[in-house]
Each structure stands twice: as C-alpha cells, then as structure tokens.
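> Dropping in entry_37.txt, with compact mmCIF, C-alpha atoms.
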```txt
# COMPACT_ATOMS: atom_id res chain seq x y z
CA MET A 1437 -14.44 -0.69 64.52
CA PRO A 1438 -13.46 -0.25 60.82
CA TYR A 1439 -10.17 -1.78 59.72
CA LYS A 1440 -7.46 0.77 58.99
CA ARG A 1441 -5.14 -0.21 56.14
CA LYS A 1442 -1.46 -0.23 57.08
CA THR A 1443 0.81 2.37 55.50
CA ILE A 1444 4.49 2.10 54.65
CA TYR A 1445 5.20 4.09 57.83
CA ASP A 1446 3.24 1.59 59.96
CA LEU A 1447 5.24 -1.31 58.52
CA ALA A 1448 8.56 0.46 59.00
CA SER A 1449 7.69 1.27 62.63
CA GLU A 1450 6.44 -2.23 63.46
CA LEU A 1451 9.46 -3.96 61.90
CA ASN A 1452 11.96 -1.32 63.05
CA VAL A 1453 13.33 -0.85 59.52
CA SER A 1454 13.62 2.17 57.25
CA ILE A 1455 10.97 3.23 54.73
CA ALA A 1456 13.56 2.64 52.00
CA ALA A 1457 13.93 -0.98 53.17
CA ILE A 1458 10.18 -1.49 52.75
CA SER A 1459 10.36 -0.15 49.19
CA ARG A 1460 13.43 -2.25 48.37
CA ALA A 1461 11.75 -5.42 49.59
CA PHE A 1462 9.33 -5.21 46.64
CA ASP A 1463 12.19 -4.86 44.14
CA PRO A 1464 13.75 -8.30 43.56
CA ASN A 1465 16.88 -6.66 42.16
CA SER A 1466 17.55 -4.44 45.18
CA LYS A 1467 20.23 -5.12 47.78
CA LEU A 1468 18.49 -6.51 50.85
CA SER A 1469 19.14 -9.62 52.92
CA LYS A 1470 16.94 -12.61 52.18
CA GLU A 1471 15.73 -12.78 55.79
CA LYS A 1472 14.75 -9.10 55.95
CA ARG A 1473 13.04 -9.22 52.54
CA GLU A 1474 10.99 -12.28 53.53
CA LEU A 1475 9.99 -10.70 56.85
CA ILE A 1476 8.85 -7.47 55.20
CA LEU A 1477 6.91 -9.24 52.44
CA ALA A 1478 5.24 -11.59 54.90
CA THR A 1479 4.18 -8.70 57.13
CA ALA A 1480 2.95 -6.70 54.13
CA LYS A 1481 0.89 -9.68 52.98
CA LYS A 1482 -0.55 -10.08 56.48
CA TYR A 1483 -1.86 -6.52 56.46
CA GLY A 1484 -2.76 -6.39 52.74
CA TYR A 1485 -0.18 -3.69 52.09
CA GLN A 1486 0.65 -2.88 48.46
CA PRO A 1487 3.32 -0.32 47.60
CA ASN A 1488 2.27 2.80 45.74
CA LYS A 1489 4.79 2.66 42.93
CA MET A 1490 4.19 6.21 41.82
CA ALA A 1491 4.55 7.60 45.34
CA SER A 1492 7.72 5.60 45.88
CA ARG A 1493 9.20 7.33 42.85
CA LEU A 1494 9.63 10.46 44.97
CA SER A 1495 12.39 8.84 47.00
CA MET A 1496 14.25 7.46 43.99
CA ASN A 1497 16.69 8.83 41.42
CA ASP A 1498 15.41 10.69 38.36
CA ILE A 1499 14.31 8.63 35.37
CA LYS A 1500 16.12 9.95 32.30
CA ILE A 1501 14.11 9.89 29.07
CA GLY A 1502 15.49 11.24 25.78
CA VAL A 1503 13.42 11.89 22.66
CA LEU A 1504 14.78 12.18 19.12
CA ASN A 1505 12.46 13.46 16.40
CA PHE A 1506 14.01 13.21 12.91
CA SER A 1507 11.18 13.85 10.48
CA TYR A 1508 9.88 15.63 7.37
CA LEU A 1509 6.50 17.28 7.81
CA LYS A 1510 6.23 19.54 10.86
CA ILE A 1511 2.44 19.81 10.46
CA PHE A 1512 2.15 16.10 11.28
CA TYR A 1513 5.04 15.44 13.65
CA SER A 1514 4.35 18.51 15.76
CA GLU A 1515 1.22 16.72 17.04
CA ILE A 1516 3.29 13.72 18.11
CA ILE A 1517 5.64 16.07 19.96
CA ASP A 1518 2.66 17.82 21.59
CA GLY A 1519 1.57 14.44 22.91
CA VAL A 1520 5.06 13.67 24.24
CA ASN A 1521 5.31 17.07 25.94
CA ASP A 1522 1.85 16.78 27.53
CA ALA A 1523 2.65 13.30 28.87
CA TYR A 1524 5.84 14.68 30.41
CA ASN A 1525 3.97 17.61 31.98
CA ASP A 1526 1.43 15.21 33.48
CA LEU A 1527 4.21 13.06 34.97
CA LYS A 1528 7.02 15.53 35.71
CA ASP A 1529 6.30 15.55 39.46
CA TYR A 1530 7.55 11.95 39.54
CA LYS A 1531 11.18 12.90 39.00
CA ILE A 1532 11.77 12.71 35.25
CA ASP A 1533 14.82 14.17 33.54
CA TYR A 1534 13.50 14.73 29.99
CA VAL A 1535 15.21 16.15 26.90
CA LEU A 1536 13.85 16.54 23.37
CA HIS A 1537 15.96 16.87 20.20
CA ASN A 1538 14.04 18.04 17.11
CA LEU A 1539 15.94 17.50 13.85
CA GLN A 1540 14.55 18.33 10.41
CA ARG A 1541 15.20 16.04 7.46
CA GLY A 1542 16.75 17.99 4.62
CA GLU A 1543 18.37 20.37 7.09
CA ASN A 1544 19.97 17.89 9.49
CA THR A 1545 21.83 14.69 8.61
CA LYS A 1546 21.56 11.10 9.74
CA GLU A 1547 25.00 11.53 11.34
CA GLU A 1548 23.55 14.26 13.53
CA ALA A 1549 20.66 11.98 14.48
CA LEU A 1550 23.07 9.17 15.39
CA HIS A 1551 25.11 11.64 17.44
CA VAL A 1552 22.01 12.44 19.53
CA LEU A 1553 21.51 8.72 20.20
CA ASP A 1554 25.20 8.42 21.12
CA THR A 1555 24.68 11.23 23.65
CA PHE A 1556 21.79 9.32 25.24
CA LEU A 1557 24.05 6.26 25.42
CA VAL A 1558 27.04 8.05 26.95
CA GLN A 1559 24.87 9.89 29.47
CA LYS A 1560 23.18 6.61 30.46
CA TYR A 1561 19.56 7.50 29.80
CA ASP A 1562 16.98 5.01 31.03
CA GLY A 1563 14.67 5.26 28.04
CA VAL A 1564 14.76 6.67 24.51
CA ILE A 1565 11.90 7.50 22.12
CA ILE A 1566 12.70 7.65 18.40
CA ILE A 1567 10.22 9.43 16.11
CA GLY A 1568 10.26 9.53 12.31
CA ILE A 1569 13.14 7.15 11.55
CA TYR A 1570 12.48 4.02 9.49
CA GLU A 1571 15.83 3.33 7.76
CA ASP A 1572 18.23 0.48 8.51
CA TRP A 1573 21.11 2.84 9.35
CA VAL A 1574 19.68 3.36 12.84
CA ILE A 1575 19.22 -0.34 13.70
CA ASP A 1576 22.75 -1.01 15.02
CA LYS A 1577 22.51 2.05 17.26
CA VAL A 1578 19.11 0.99 18.59
CA ASN A 1579 20.50 -2.45 19.40
CA GLU A 1580 23.52 -0.87 21.10
CA LEU A 1581 21.21 1.18 23.32
CA ILE A 1582 19.20 -1.95 24.17
CA ASP A 1583 22.37 -3.94 24.92
CA ASN A 1584 23.33 -1.23 27.41
CA GLY A 1585 20.06 -1.55 29.30
CA ILE A 1586 18.29 1.42 27.70
CA LYS A 1587 14.65 0.90 26.71
CA VAL A 1588 13.93 2.10 23.16
CA VAL A 1589 10.47 3.00 21.86
CA THR A 1590 9.71 3.84 18.23
CA VAL A 1591 6.79 6.09 17.24
CA GLN A 1592 4.93 6.01 13.91
CA HIS A 1593 7.52 3.64 12.43
CA ASP A 1594 8.31 0.17 13.73
CA LEU A 1595 11.97 -0.82 13.35
CA ILE A 1596 11.10 -4.51 13.19
CA LYS A 1597 14.67 -5.56 12.35
CA SER A 1598 15.90 -4.03 15.61
CA HIS A 1599 15.48 -5.15 19.22
CA ARG A 1600 13.37 -2.10 20.11
CA THR A 1601 11.32 -2.44 23.29
CA PHE A 1602 7.91 -1.53 21.83
CA SER A 1603 6.41 0.75 19.21
CA TYR A 1604 3.40 3.06 19.04
CA LEU A 1605 1.80 3.24 15.60
CA SER A 1606 -1.41 3.85 13.75
CA ASN A 1607 -3.15 0.96 11.99
CA TYR A 1608 -1.95 1.49 8.42
CA ASP A 1609 -3.67 -1.59 6.96
CA VAL A 1610 -6.99 -0.31 8.27
CA ILE A 1611 -6.27 3.24 7.07
CA GLY A 1612 -5.57 2.04 3.52
CA GLU A 1613 -8.79 0.06 3.34
CA MET A 1614 -10.77 2.89 4.95
CA ALA A 1615 -9.51 5.23 2.22
CA ALA A 1616 -10.50 2.73 -0.48
CA GLN A 1617 -14.00 2.31 0.95
CA LEU A 1618 -14.45 6.08 1.23
CA CYS A 1619 -13.38 6.55 -2.40
CA SER A 1620 -15.82 3.84 -3.49
CA MET A 1621 -18.66 5.46 -1.54
CA LEU A 1622 -17.90 8.87 -3.02
CA LEU A 1623 -17.86 7.35 -6.52
CA HIS A 1624 -21.08 5.37 -6.01
CA GLY A 1625 -23.20 5.44 -9.16
CA VAL A 1626 -20.48 7.20 -11.17
CA ALA A 1627 -19.37 5.54 -14.40
CA ASN A 1628 -15.87 7.01 -14.29
CA ARG A 1629 -14.10 5.65 -11.18
CA LYS A 1630 -10.50 6.46 -12.15
CA THR A 1631 -8.49 7.19 -9.01
CA VAL A 1632 -4.96 8.42 -8.37
CA MET A 1633 -2.99 8.06 -5.15
CA PHE A 1634 -0.40 10.49 -3.81
CA THR A 1635 1.90 8.96 -1.20
CA GLY A 1636 4.47 10.36 1.17
CA ASN A 1637 7.94 8.90 0.70
CA LYS A 1638 7.55 5.56 -1.10
CA VAL A 1639 10.70 4.14 0.49
CA SER A 1640 9.01 4.38 3.89
CA PRO A 1641 7.53 1.06 5.09
CA ILE A 1642 4.44 2.96 6.21
CA HIS A 1643 3.68 4.22 2.72
CA GLN A 1644 4.45 0.83 1.20
CA GLN A 1645 1.91 -0.62 3.62
CA LEU A 1646 -0.65 2.09 2.79
CA ILE A 1647 -0.17 1.53 -0.95
CA GLU A 1648 -0.66 -2.21 -0.59
CA ALA A 1649 -3.77 -1.80 1.59
CA PHE A 1650 -5.30 0.84 -0.70
CA CYS A 1651 -4.67 -1.25 -3.83
CA LYS A 1652 -6.20 -4.29 -2.15
CA GLY A 1653 -9.19 -2.15 -1.17
CA ALA A 1654 -9.58 -0.83 -4.72
CA LYS A 1655 -9.99 -4.40 -5.99
CA LYS A 1656 -12.43 -5.17 -3.19
CA TYR A 1657 -14.56 -2.08 -3.86
CA ASN A 1658 -14.19 -2.24 -7.63
CA PHE A 1659 -12.51 0.96 -8.77
CA GLU A 1660 -9.38 1.60 -10.80
CA ILE A 1661 -6.14 3.14 -9.52
CA VAL A 1662 -4.65 4.60 -12.69
CA GLU A 1663 -1.39 5.79 -11.12
CA ILE A 1664 0.47 6.26 -7.82
CA TYR A 1665 2.61 9.38 -7.40
CA ASP A 1666 5.42 9.71 -4.86
CA THR A 1667 5.49 13.21 -3.31
CA ARG A 1668 8.57 12.32 -1.19
CA ASP A 1669 7.04 14.31 1.71
CA ASP A 1670 8.10 17.47 -0.14
CA PRO A 1671 5.48 20.16 -0.97
CA ALA A 1672 7.41 21.22 -4.10
CA VAL A 1673 7.41 17.65 -5.40
CA ALA A 1674 3.69 17.34 -4.60
CA THR A 1675 2.98 20.52 -6.57
CA GLU A 1676 4.69 19.07 -9.64
CA ALA A 1677 3.10 15.66 -9.14
CA VAL A 1678 -0.50 16.88 -9.04
CA ALA A 1679 -0.04 18.97 -12.21
CA LYS A 1680 1.49 15.95 -13.96
CA ALA A 1681 -1.33 13.70 -12.75
CA PHE A 1682 -3.98 15.89 -14.38
CA ARG A 1683 -1.93 16.18 -17.58
CA ASP A 1684 -1.57 12.40 -17.71
CA HIS A 1685 -5.15 11.67 -16.62
CA PRO A 1686 -7.45 14.65 -17.27
CA ASP A 1687 -10.50 12.54 -16.33
CA ILE A 1688 -9.45 11.81 -12.74
CA ALA A 1689 -12.53 11.06 -10.64
CA ALA A 1690 -10.98 10.56 -7.19
CA ILE A 1691 -7.81 11.31 -5.24
CA TYR A 1692 -6.35 9.69 -2.15
CA ALA A 1693 -3.45 11.43 -0.40
CA SER A 1694 -1.88 9.05 2.11
CA SER A 1695 0.27 11.67 3.87
CA ALA A 1696 -0.14 15.14 5.35
CA ASN A 1697 1.55 16.54 2.23
CA SER A 1698 -1.81 17.38 0.69
CA LEU A 1699 -1.97 21.19 0.67
CA PRO A 1700 -0.43 21.43 -2.85
CA LEU A 1701 -3.19 19.10 -4.09
CA CYS A 1702 -5.85 21.30 -2.51
CA LYS A 1703 -4.37 24.44 -4.04
CA TYR A 1704 -4.32 22.81 -7.48
CA LEU A 1705 -7.98 21.78 -7.22
CA GLU A 1706 -8.85 25.42 -6.52
CA THR A 1707 -7.46 26.35 -9.93
CA ILE A 1708 -9.57 23.95 -12.03
CA ASP A 1709 -13.27 24.25 -12.84
CA ASN A 1710 -14.36 20.87 -11.49
CA GLY A 1711 -12.12 20.86 -8.41
CA LYS A 1712 -14.97 20.30 -5.97
CA GLN A 1713 -16.49 17.53 -8.11
CA ILE A 1714 -13.41 15.32 -7.73
CA ALA A 1715 -13.70 12.97 -4.77
CA PHE A 1716 -10.81 13.68 -2.39
CA VAL A 1717 -9.80 11.59 0.62
CA ALA A 1718 -6.90 13.14 2.54
CA SER A 1719 -4.87 12.27 5.63
CA ASP A 1720 -4.64 13.94 9.03
CA VAL A 1721 -6.17 17.11 10.45
CA PHE A 1722 -4.31 20.38 10.88
CA PRO A 1723 -5.33 24.06 10.73
CA GLU A 1724 -4.20 24.66 7.13
CA LEU A 1725 -6.48 21.83 5.98
CA HIS A 1726 -9.62 23.09 7.75
CA PRO A 1727 -10.78 25.52 5.01
CA TYR A 1728 -10.54 22.83 2.33
CA ILE A 1729 -12.63 20.43 4.40
CA GLU A 1730 -15.20 23.11 5.21
CA SER A 1731 -15.46 24.30 1.59
CA GLY A 1732 -15.81 20.78 0.13
CA TYR A 1733 -12.55 20.37 -1.74
CA ILE A 1734 -11.74 17.57 0.70
CA ASP A 1735 -14.64 15.17 1.24
CA ALA A 1736 -13.05 13.26 4.13
CA THR A 1737 -9.71 12.92 5.83
CA ILE A 1738 -8.38 10.04 7.91
CA TYR A 1739 -6.98 11.17 11.24
CA GLN A 1740 -4.21 8.92 12.58
CA GLU A 1741 -4.23 10.37 16.12
CA PRO A 1742 -0.54 11.38 16.15
CA TYR A 1743 -1.04 13.13 19.50
CA LYS A 1744 -2.15 9.84 21.03
CA MET A 1745 0.92 8.10 19.59
CA GLY A 1746 3.26 10.60 21.25
CA TYR A 1747 1.42 10.70 24.56
CA GLY A 1748 1.01 6.94 24.74
CA ALA A 1749 4.65 6.22 23.93
CA PHE A 1750 5.97 8.52 26.68
CA ASP A 1751 3.38 7.46 29.24
CA LYS A 1752 3.90 3.72 28.71
CA LEU A 1753 7.69 4.06 28.68
CA PHE A 1754 7.68 5.99 31.96
CA HIS A 1755 5.40 3.52 33.72
CA MET A 1756 7.52 0.64 32.49
CA LEU A 1757 10.69 2.28 33.83
CA ALA A 1758 9.02 3.32 37.10
CA GLY A 1759 7.08 0.15 37.79
CA GLY A 1760 9.30 -2.50 36.29
CA GLU A 1761 6.60 -4.02 34.08
CA MET A 1762 7.74 -5.27 30.68
CA LEU A 1763 5.99 -4.12 27.52
CA ALA A 1764 6.65 -5.47 24.05
CA GLY A 1765 5.14 -5.50 20.58
CA SER A 1766 3.10 -2.68 19.09
CA PHE A 1767 0.41 -0.36 20.43
CA MET A 1768 -1.91 1.33 17.94
CA SER A 1769 -3.99 4.46 17.82
CA THR A 1770 -7.44 4.32 16.19
CA PRO A 1771 -7.83 5.97 12.78
CA ARG A 1772 -10.90 8.17 12.49
CA VAL A 1773 -12.83 9.68 9.59
CA VAL A 1774 -13.17 13.47 9.80
CA MET A 1775 -15.52 15.46 7.56
CA ALA A 1776 -17.00 18.95 7.60
CA ALA A 1777 -19.79 17.70 9.89
CA ASN A 1778 -17.44 16.68 12.75
CA LEU A 1779 -14.40 18.83 12.03
CA LYS A 1780 -15.18 21.06 14.99
CA ASP A 1781 -14.41 18.14 17.30
CA TYR A 1782 -10.84 17.97 15.98
CA LYS A 1783 -9.98 21.66 15.85
```
Would you put the structure from the file into structure tokens?


Amino acid sequence: MPYKRKTIYDLASELNVSIAAISRAFDPNSKLSKEKRELILATAKKYGYQPNKMASRLSMNDIKIGVLNFSYLKIFYSEIIDGVNDAYNDLKDYKIDYVLHNLQRGENTKEEALHVLDTFLVQKYDGVIIIGIYEDWVIDKVNELIDNGIKVVTVQHDLIKSHRTFSYLSNYDVIGEMAAQLCSMLLHGVANRKTVMFTGNKVSPIHQQLIEAFCKGAKKYNFEIVEIYDTRDDPAVATEAVAKAFRDHPDIAAIYASSANSLPLCKYLETIDNGKQIAFVASDVFPELHPYIESGYIDATIYQEPYKMGYGAFDKLFHMLAGGEMLAGSFMSTPRVVMAANLKDYK
C-alpha cells in the first residue's frame, strides 16, 4: 500500500493541537511552549512533514510592502515599475498590502520623498523598495527604517553607505565594457576612431561606473574618447550637448549613450548627411527607440532588463518576509545586446 504523506491537518488531529500551533512550531520566534514545540517538530520529522510556507501565509496577517520611485526618465523607470506591479499581481493572493508612490524628479522634492519613507515607518510596513535614489540624503532614513525592523531593498542604485537589506542592479562594469567592444567592432578597419560618450547624470554612481568601465574598454580596444558630455537625464540638455559635440568634433566616428536619454541624439543624427554612417551604441529598449534601431541610426543598444530588476526585487523581498530567509548583497540582471535583427524579441 503506497505511503500517504501526512498533512498539517493529520498532525493537528494526531497531537490534538490547533493548525496554528503546527505552523508556529516551525517559527522559532513564535510563542509556544518548549515541550509542545519539540513534540510537534519530532512528530513532523517522523512523518517527513514540511510546512508549505506559501500556503501558511493565508492564515497570517498581511505583509505590508511600500514602494517609492523617485526618478528622472519615465521611459526607463516605467519598466521597473511594470516589473514590480507584475510581481505583486502574481503574489497578491498571499495577503500583501502593497502601495506605490511615484515621484518625478524636477517636479517633486527630496523632502516629499523622505515624507513617503516616514509614512512607511509610521505605518509599520514590513518591507520597502526604493527606486531611483542614489544620494546620501536618504541614507539616515534608510538606516532608521532598518533599525525599526523594516527590510529595505534598493533598485538600480546600491546605497552602499547604508544598511539596506539587498539591492537589485544591472552589471554596469560589464555594460561599459560591452559598449566599448561594440564601438570597436563597428569601427573595425576605420582610420578615424574618435568617439564621444553621452552620460545620464554624472553625479550618479551608476554613470561614474559606466564612464570608468567605458574608458577602460576604450584603452583595451584601442579607440579614442575625445569627450564625455553630461546630459543630466534631461532631454533639453541632451539636445544642446549633441549639437555642441558636433561643433567641437565635426569628425565624430562613434557615439555611446549610457542612459535612456538618447532620443535627442537620434533626432540630431537625422538632420546631418552622414547620420547613419556614425557608429551609435545606445542604452535600453523602448518604443520611441524602435524606429531608430530599425532604420540603422542606432547600430546596437544595451538592454539592462529593468523589468527584471523590478520584478526580482519585489519577489525576493516578499519571499524573504514570508519565509524568514535572509538575503543580503546585490542581485544583478543580465545586460543584453539588441539590434535590428532581434528587436522583435524585445518589443
């Protein structure tokens, strides 16, 4: 006769205890007498019973997760938020109280962002996800949340000076070298290898990292970076910067844009005779960029998988809060090269 695995109901009936007592026995922090806990665990071991942590969530209090997005470029950060929202929708049956606050840099202030985090603190959220903030002014607040037992996850930026629980990033060192190798390949056999780089906001640690990696790659692959322009994640600034770049260096052979703020560069290339002859490596994939990839103004773009960052951050945070496992350090998405040939896979 085949062996039938014991359920939580079988254990509760055999031991004459409640189902809740069975669940609490597997939580070392729960209130249960030592004798009862040992009896339940011994019986569970005897029958090979393992609690279904996700199912046990249904009898517990809601997990409260708050998300603060304080960012510049909606075309990039909207994908992170899509990932967060989809992770919530996949998990919402497991009793999650979830709230999202979207703030726009330039329209909202850092004081408003800190107020959102204060709200999460006062309302005793279990976990908080912070997207788009890299400055030191948030560190004390992050540490205050942590000191009050709230898990804090950072997405895209890693607040390494803080006590954040874990971060979800893309691999910026790899992205910078990938961009350099792509530029070198596109310039293969060309005498003029003069390249300019357009960054997002240079004060961001991400863009500092991308600059360093790209410059290191330029030396490795033997081409010259004649200048680096800061677009400050502002399309108007990028429009001025690209015009200045071609005034300063009319013989530009290649461009690398390390942020999603690349549409002004594309529009400028449309206005000059040799726009399609200039090698162009961009960042990210979004609908407004598709025509420029398909028409050849952009040779390749490096996709950072922002959706995966958002989904992964929410999913891992929930499972940590629900299952009690501890996560630390950084998780990374995998950067991918997208060209006209495989663009359809990313639409």

> Which residue gives the smallest distance to Tyr1513 (chain A) among A:Glu1761, A:Asp1670, A:Asp1554, A:Asp1720, with all atoms listed in the file counted?

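Selected residue with least distance to Tyr1513 (chain A): A:Asp1720.
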
> Identify which of the residues A:Phe1767, A:Tyr1782, A:Phe1659, A:Tyr1743 lies closest to Ser1514 (chain A), counting all atoms listed in the file when measuring atom-to-atom distances.

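Among the listed residues, A:Tyr1743 lies closest to Ser1514 (chain A).
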
> I need every residue sitting at most 9 Å from the point (-12.7, 17.5, -2.1) (coordinates as in the file, only C-alpha atoms considered), written as a PDB file with C-alpha atoms, in the frame of the given file.


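Okay, point29.pdb is ready:
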```
ATOM      1  CA  ALA A1690     -10.980  10.560  -7.190  1.00  0.00           C
ATOM      2  CA  ILE A1691      -7.810  11.310  -5.240  1.00  0.00           C
ATOM      3  CA  CYS A1702      -5.850  21.300  -2.510  1.00  0.00           C
ATOM      4  CA  LEU A1705      -7.980  21.780  -7.220  1.00  0.00           C
ATOM      5  CA  GLY A1711     -12.120  20.860  -8.410  1.00  0.00           C
ATOM      6  CA  LYS A1712     -14.970  20.300  -5.970  1.00  0.00           C
ATOM      7  CA  GLN A1713     -16.490  17.530  -8.110  1.00  0.00           C
ATOM      8  CA  ILE A1714     -13.410  15.320  -7.730  1.00  0.00           C
ATOM      9  CA  ALA A1715     -13.700  12.970  -4.770  1.00  0.00           C
ATOM     10  CA  PHE A1716     -10.810  13.680  -2.390  1.00  0.00           C
ATOM     11  CA  VAL A1717      -9.800  11.590   0.620  1.00  0.00           C
ATOM     12  CA  ALA A1718      -6.900  13.140   2.540  1.00  0.00           C
ATOM     13  CA  TYR A1728     -10.540  22.830   2.330  1.00  0.00           C
ATOM     14  CA  ILE A1729     -12.630  20.430   4.400  1.00  0.00           C
ATOM     15  CA  SER A1731     -15.460  24.300   1.590  1.00  0.00           C
ATOM     16  CA  GLY A1732     -15.810  20.780   0.130  1.00  0.00           C
ATOM     17  CA  TYR A1733     -12.550  20.370  -1.740  1.00  0.00           C
ATOM     18  CA  ILE A1734     -11.740  17.570   0.700  1.00  0.00           C
ATOM     19  CA  ASP A1735     -14.640  15.170   1.240  1.00  0.00           C
ATOM     20  CA  ALA A1736     -13.050  13.260   4.130  1.00  0.00           C
TER      21      ALA A1736
END
```

> Which one is closest to Ala1677 (chain A): A:Thr1635, A:Gln1645, A:Thr1737, A:Asn1710? Count only C-alpha atoms.

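With only C-alpha atoms as the atom set, the closest residue is A:Thr1635.
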
> Could you check how far CA of Ile1444 (chain A) sits from CA of Asp1751 (chain A), in Å to one decimal?

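CA of Asp1751 (chain A) lies 26.0 Å from CA of Ile1444 (chain A).
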
> Please report the interatomic distance between CA of Pro1771 (chain A) and CA of Arg1600 (chain A) in Å with one decimal.

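Computed distance, CA of Pro1771 (chain A) to CA of Arg1600 (chain A), equals 23.8 Å.
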
> With distances taken over all atoms listed in the file, which residue among A:Cys1651, A:Leu1539, A:Ile1586, A:Met1633 lies nearest Lys1510 (chain A)?

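Smallest distance to Lys1510 (chain A) is found for A:Leu1539.
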